[in-house]
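Visitor: Pasting a structure here, questions to come.
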Amino acid sequence: MSLLERAERNIDAVAWQGEIPIQNRYTVGLAGERFLRELKESGRLLGSRCPECDYVYVPPTLYCERCFEKLDDWIEVGPEGTVVSFTIVTQALDGTPLADPDILALIRLDWADSLLVHRLGKVSLDELEIGLWVKPVLKPKNRREGSILDIQYFAPAYHEE
Ligand SMILES: [Zn+2]
């Protein structure tokens, strides 16, 4: 079917098949930059609190997604938090099995309302559960780059380092 006829389904149109390699750069924005700079320089985790609805965002945002209020009340959150949900990743993006599965979790840091996605580490499957109390394990200060990966992973908070 050509485009000159009315296609009922888009898969009926004649099309070129191929792949387009795409790269992108997504800036972290003003709030994200402040969050990552503080993480790099002091190891502290910052959130932004809405003065109207009292919701605390981590990573911080400049505007409240719930009531659109401008946010300029920065507070320290965590560093401990609670696992709200998790998944165990057993394959790489290309489908090859991972020798050591990754555990990704949604974490609600203490004093925050929104959730942070990060990797869990030093946790056994026996102790992995919703409600697990965790703390961030940071890279040494001289190796931090101002990235969310300056947090290597979150580990059970009751483990000794
Ligand atoms: Zn709000």
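In the structure tokens, each chain is lettered A, B, ... as it comes, each chain's residues begin at 1, and ligands are numbered from 1 in order of appearance.
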Considering only C-alpha atoms and all ligand atoms, tabulate each residue of chain A that lies at most 10 Å from ligand 1 along with its nearest interatomic pair and the corresponding distance in Å to one decimal; arrange the rows by chain and ascending residue number and present them as a tab-separated table.

Guide:
```
residue	atom	partner	partner_atom_place_in_ligand_line	distance
A:Arg49	CA	ligand 1	1 (Zn)	8.0
A:Cys50	CA	ligand 1	1 (Zn)	4.7
A:Pro51	CA	ligand 1	1 (Zn)	6.7
A:Glu52	CA	ligand 1	1 (Zn)	5.0
A:Cys53	CA	ligand 1	1 (Zn)	4.2
A:Asp54	CA	ligand 1	1 (Zn)	6.4
A:Tyr55	CA	ligand 1	1 (Zn)	6.1
A:Val56	CA	ligand 1	1 (Zn)	8.8
A:Tyr57	CA	ligand 1	1 (Zn)	9.9
A:Tyr63	CA	ligand 1	1 (Zn)	7.8
A:Cys64	CA	ligand 1	1 (Zn)	4.6
A:Glu65	CA	ligand 1	1 (Zn)	6.7
A:Arg66	CA	ligand 1	1 (Zn)	5.1
A:Cys67	CA	ligand 1	1 (Zn)	4.2
A:Phe68	CA	ligand 1	1 (Zn)	6.1
A:Glu69	CA	ligand 1	1 (Zn)	5.5
A:Lys70	CA	ligand 1	1 (Zn)	8.3
A:Leu71	CA	ligand 1	1 (Zn)	8.3
```

Visitor: I need the residues in chain A that are strand (DSSP E or B) according to DSSP; give them as a VMD selection string.

Guide: chain A and resid 45 to 49 56 to 57 63 70 73 to 77 81 to 91 97 to 109 116 to 120 133 to 138 151 to 156

Visitor: Using atom CA of A:Glu145 and atom CA of A:Leu104 as the two end points, give the distance in Å to one decimal.

Guide: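 Interatomic distance, atom CA of A:Glu145 to atom CA of A:Leu104: 21.4 Å.
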
Visitor: Taking only C-alpha atoms into account, name the residue in A:Pro156, A:Gly146, A:Pro79, A:Pro140 that is nearest to A:Gly32.

Guide: A:Gly146

Visitor: Tell me, as a VMD selection string, which residues lie within 12 Å of A:Pro59, counting only C-alpha atoms; anything in the same chain fewer than 6 positions away does not count.

Guide: chain A and resid 28 to 36 38 to 39 45 to 49 74 to 78 107 to 109 112 to 118 147 to 148
